[in-house]
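Raw my_file_37.txt, compact mmCIF, C-alpha atoms and all ligand atoms:
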```txt
# COMPACT_ATOMS: atom_id res chain seq x y z
CA MET A 7 -15.10 23.84 -25.96
CA LYS A 8 -16.15 23.01 -22.40
CA CYS A 9 -14.21 21.56 -19.47
CA PHE A 10 -15.38 17.97 -18.93
CA VAL A 11 -15.47 18.50 -15.16
CA CYS A 12 -17.03 21.93 -14.51
CA LYS A 13 -18.53 22.53 -18.00
CA LYS A 14 -17.04 26.04 -18.14
CA THR A 15 -16.05 27.25 -21.58
CA VAL A 16 -12.31 27.20 -22.23
CA ALA A 17 -10.25 28.83 -24.98
CA ASP A 18 -10.47 27.11 -28.35
CA ASP A 19 -6.71 26.48 -28.41
CA THR A 20 -6.72 24.59 -25.07
CA GLU A 21 -4.71 21.42 -25.53
CA LEU A 22 -6.42 18.13 -24.82
CA ARG A 23 -5.19 16.22 -21.78
CA PHE A 24 -5.46 12.48 -22.28
CA GLY A 25 -8.16 13.07 -24.90
CA LYS A 26 -10.31 15.34 -22.74
CA ILE A 27 -10.82 19.07 -22.33
CA VAL A 28 -10.06 20.16 -18.79
CA CYS A 29 -9.62 23.71 -17.46
CA ASP A 30 -6.63 24.72 -15.34
CA GLY A 31 -8.84 24.93 -12.25
CA CYS A 32 -10.08 21.36 -12.53
CA GLU A 33 -6.83 19.79 -13.71
CA PRO A 34 -5.42 19.16 -10.17
CA GLU A 35 -8.61 17.24 -9.39
CA THR A 36 -8.19 14.65 -12.13
CA PHE A 37 -6.09 11.51 -12.58
CA THR A 38 -5.47 8.89 -15.24
CA GLN A 39 -6.47 5.30 -14.67
CA GLU A 40 -4.74 2.13 -15.95
CA ASN A 41 -5.64 2.80 -19.59
CA MET A 42 -4.55 6.43 -19.39
CA CYS A 43 -8.13 7.73 -19.44
CA LEU A 44 -8.72 10.93 -17.50
CA VAL A 45 -11.16 10.68 -14.55
CA SER A 46 -12.32 13.54 -12.33
CA TYR A 47 -12.37 13.47 -8.54
CA ALA A 48 -15.97 14.69 -8.81
CA ALA A 49 -16.99 11.56 -10.75
CA ILE A 50 -15.39 9.32 -8.10
CA ARG A 51 -17.13 11.18 -5.27
CA GLU A 52 -20.45 11.06 -7.06
CA ALA A 53 -20.10 7.29 -7.53
CA GLN A 54 -19.04 6.85 -3.90
CA GLY A 55 -21.93 8.80 -2.35
CA ASP A 56 -21.71 10.17 1.18
CA GLU A 57 -20.38 7.09 2.94
CA PRO A 58 -16.76 5.99 3.45
CA HIS A 59 -15.53 3.35 1.01
CA HIS A 60 -14.82 0.04 2.75
CA MET A 61 -12.44 -2.67 1.64
CA SER A 62 -10.57 -5.56 3.26
CA LEU A 63 -7.10 -6.26 1.94
CA THR A 64 -5.31 -9.55 2.47
CA ASP A 65 -2.68 -9.33 -0.26
CA GLY A 66 0.61 -8.21 1.24
CA ASN A 67 1.60 -6.14 -1.80
CA GLU A 68 -1.78 -4.40 -1.90
CA VAL A 69 -1.48 -3.55 1.80
CA ALA A 70 2.03 -2.22 1.15
CA ALA A 71 0.81 -0.15 -1.82
CA VAL A 72 -1.96 1.49 0.24
CA ILE A 73 0.39 2.18 3.15
CA ALA A 74 2.98 3.66 0.78
CA ALA A 75 0.36 5.86 -0.93
CA VAL A 76 -1.00 7.14 2.40
CA ASN A 77 2.49 7.77 3.79
CA VAL A 78 3.30 10.21 0.97
CA GLY A 79 1.60 12.79 3.21
CA ILE A 80 0.90 16.13 1.55
CA ASP A 81 1.81 15.83 -2.12
CA SER A 82 2.79 18.31 -4.82
CA ARG A 83 -0.89 19.14 -5.35
CA LEU A 84 -1.19 19.96 -1.62
CA GLN A 85 -3.53 17.02 -1.24
CA ALA A 86 -3.48 14.53 1.60
CA ILE A 87 -5.31 11.36 2.53
CA THR A 88 -7.31 12.27 5.61
CA GLY A 89 -10.35 11.07 7.48
CA CYS A 90 -9.62 7.40 6.79
CA ASP A 91 -9.46 4.49 9.15
CA PHE A 92 -7.02 1.63 8.69
CA SER A 93 -6.80 -1.31 11.03
CA ALA A 94 -4.90 -4.53 10.72
CA GLY A 95 -5.52 -7.85 12.35
CA LYS A 96 -4.08 -11.34 12.12
CA ARG A 97 -6.11 -14.13 10.61
CA THR A 98 -5.84 -17.42 12.37
CA ILE A 99 -6.85 -20.98 11.58
CA ASP A 100 -9.32 -22.49 14.08
CA GLY A 101 -8.66 -19.62 16.41
CA LYS A 102 -5.10 -20.74 17.03
CA PRO A 103 -3.02 -17.59 17.07
CA GLU A 104 0.19 -19.44 16.22
CA LEU A 105 -1.17 -20.40 12.81
CA VAL A 106 -1.19 -17.02 11.12
CA LEU A 107 -2.42 -17.13 7.54
CA CYS A 108 -2.00 -13.50 6.69
CA ILE A 109 -2.67 -9.99 7.83
CA THR A 110 -5.98 -8.41 6.92
CA MET A 111 -6.13 -4.64 6.63
CA GLU A 112 -9.58 -3.13 6.98
CA CYS A 113 -9.81 0.20 5.18
CA SER A 114 -12.45 2.84 5.51
CA ILE A 115 -11.67 5.56 2.98
CA SER A 116 -13.29 8.97 3.38
CA VAL A 117 -15.08 10.74 0.53
CA GLU A 118 -12.34 13.39 0.48
CA ALA A 119 -9.54 10.84 0.33
CA LEU A 120 -10.77 8.22 -2.13
CA PRO A 121 -9.87 9.99 -5.40
CA VAL A 122 -6.50 11.03 -3.97
CA LEU A 123 -5.77 7.43 -2.96
CA LEU A 124 -6.82 6.15 -6.40
CA ARG A 125 -4.59 8.69 -8.15
CA ARG A 126 -1.61 7.76 -5.99
CA LEU A 127 -2.13 4.04 -6.56
CA PHE A 128 -2.37 4.55 -10.34
CA ASP A 129 0.73 6.79 -10.28
CA GLY A 130 2.63 4.47 -7.96
CA ASN A 131 3.27 7.29 -5.48
CA GLY A 132 5.27 5.96 -2.57
CA ALA A 133 6.05 2.73 -4.46
CA GLU A 134 8.79 4.20 -6.63
CA GLY A 135 11.31 1.56 -7.61
CA ASP A 136 9.31 -1.40 -6.33
CA LYS A 137 7.59 -2.97 -9.31
CA GLU A 138 5.62 -5.56 -7.33
CA ILE A 139 4.08 -2.94 -5.08
CA PHE A 140 3.50 -0.59 -8.01
CA ASP A 141 1.71 -3.35 -9.96
CA ALA A 142 -0.34 -4.41 -6.92
CA GLY A 143 -1.41 -0.80 -6.33
CA MET A 144 -2.35 -0.33 -9.98
CA SER A 145 -4.41 -3.52 -10.07
CA LEU A 146 -6.06 -2.72 -6.72
CA ALA A 147 -7.02 0.76 -7.95
CA GLY A 148 -8.45 -0.81 -11.11
CA SER A 149 -10.67 -3.14 -9.08
CA MET A 150 -11.72 -0.29 -6.78
CA MET A 151 -12.85 1.70 -9.84
CA MET A 152 -14.83 -1.30 -11.04
CA VAL A 153 -16.50 -1.71 -7.63
CA LEU A 154 -17.49 1.97 -7.86
CA GLY A 155 -19.09 1.32 -11.26
CA PHE A 156 -16.49 2.61 -13.74
CA ASP A 157 -15.64 0.76 -16.95
CA ASP A 158 -12.08 0.26 -18.20
CA THR A 159 -12.14 3.58 -20.06
CA GLY A 160 -12.90 5.49 -16.87
CA ASN A 161 -16.55 6.17 -17.66
CA PHE A 162 -19.13 5.72 -14.94
CA VAL A 163 -21.60 3.09 -16.10
CA GLY A 164 -23.05 2.09 -12.74
CA ARG A 165 -22.54 -1.21 -11.00
CA GLU A 166 -25.23 -2.89 -13.12
CA GLY A 167 -23.56 -1.79 -16.35
CA LEU A 168 -20.57 -4.03 -15.69
CA ASP A 169 -22.33 -7.36 -15.50
ZN ZN A 201 -13.11 22.88 -15.17
```
For this file, produce the structure as structure tokens.
Amino acid sequence: MKCFVCKKTVADDTELRFGKIVCDGCEPETFTQENMCLVSYAAIREAQGDEPHHMSLTDGNEVAAVIAAVNVGIDSRLQAITGCDFSAGKRTIDGKPELVLCITMECSISVEALPVLLRRLFDGNGAEGDKEIFDAGMSLAGSMMMVLGFDDTGNFVGREGLD
């Protein structure tokens, strides 16, 4: 039996976690996506490459979910969302500032932070008790995974594999 993240051999009686073998060392660097499939931080970072992940959010609940997830600070796994850049601006019609359509939040998520953000959105960290924000975060994280090239079972298939 081998850990699905680091490929090290684990004891034969190691219990499966969400259908996968994962060693104690790698376990804190995994999360479950919307279909309860286990994904490793390493897979997310490999799909992301070396560049920050960019996205523009205009949905108020999605913005709230990201803010809530970031504001958790250092979590029980001693992980934090760092090295990211968030900026918000108002969208106007015909340049008239009084006609505000919505707020756009531009997000630049660092390589270190992306898997942590995804895990928190899937877990609803920071959105406890608010179903709308929890659902928006879950659905946002699902689309982010798809943009990165993961299918709905959490396997990396590449961006082309999803067409
Ligand atoms: Zn491992």
*Can you tell me, as a list in words, what residues are no more than 7 Å from stretch 27-29 of chain A when counting all atoms listed in the file, ignoring any on the same chain fewer than 4 positions away?*
Lys8, Cys9, Phe10, Val11, Val16, Leu22, Arg23 and Glu33 of chain A
*Contacts of stretch 145-148 of chain A at 9 Å (only C-alpha atoms; same-chain gap of 6+ positions) as number ranges by chain*: A: 39-40, 68, 71, 123-125, 127-128, 158
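In this structure, atom CA of A:Glu166 sits 29.7 Å away from atom CA of A:Ala75.
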If we count all atoms listed in the file and set the cut-off at 7 Å, which residues sit around A:Ser114, ignoring sequence neighbours fewer than 4 positions away in its own chain? Please answer as an mmCIF file with C-alpha atoms, keeping the file's coordinate frame.
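Everything below was put into selection-v1.cif:
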```
data_model
loop_
_atom_site.group_PDB
_atom_site.id
_atom_site.type_symbol
_atom_site.label_atom_id
_atom_site.label_comp_id
_atom_site.auth_asym_id
_atom_site.auth_seq_id
_atom_site.Cartn_x
_atom_site.Cartn_y
_atom_site.Cartn_z
ATOM 1 C CA PRO A 58 -16.760 5.990 3.450
ATOM 2 C CA HIS A 59 -15.530 3.350 1.010
ATOM 3 C CA HIS A 60 -14.820 0.040 2.750
ATOM 4 C CA MET A 61 -12.440 -2.670 1.640
ATOM 5 C CA CYS A 90 -9.620 7.400 6.790
ATOM 6 C CA ASP A 91 -9.460 4.490 9.150
ATOM 7 C CA PHE A 92 -7.020 1.630 8.690
#
```
List the neighbours of A:Val153 out to 10 Å using all atoms listed in the file; skip same-chain residues closer than 2 positions along the sequence, and give me the result as a tab-separated table (two decimals) with C-alpha atoms, in the coordinates of the input.
```tsv
chain	number	residue	atom	x	y	z
A	53	ALA	CA	-20.10	7.29	-7.53
A	54	GLN	CA	-19.04	6.85	-3.90
A	147	ALA	CA	-7.02	0.76	-7.95
A	148	GLY	CA	-8.45	-0.81	-11.11
A	149	SER	CA	-10.67	-3.14	-9.08
A	150	MET	CA	-11.72	-0.29	-6.78
A	151	MET	CA	-12.85	1.70	-9.84
A	155	GLY	CA	-19.09	1.32	-11.26
A	156	PHE	CA	-16.49	2.61	-13.74
A	157	ASP	CA	-15.64	0.76	-16.95
A	164	GLY	CA	-23.05	2.09	-12.74
A	165	ARG	CA	-22.54	-1.21	-11.00
A	168	LEU	CA	-20.57	-4.03	-15.69
```
_Interatomic distance, atom CA of A:Ser82 to atom CA of A:Asp129 (Å, one decimal)_ = 12.9 Å
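Picture a line from atom CA of A:Ile115 to atom CA of A:Lys13; it runs 27.8 Å.
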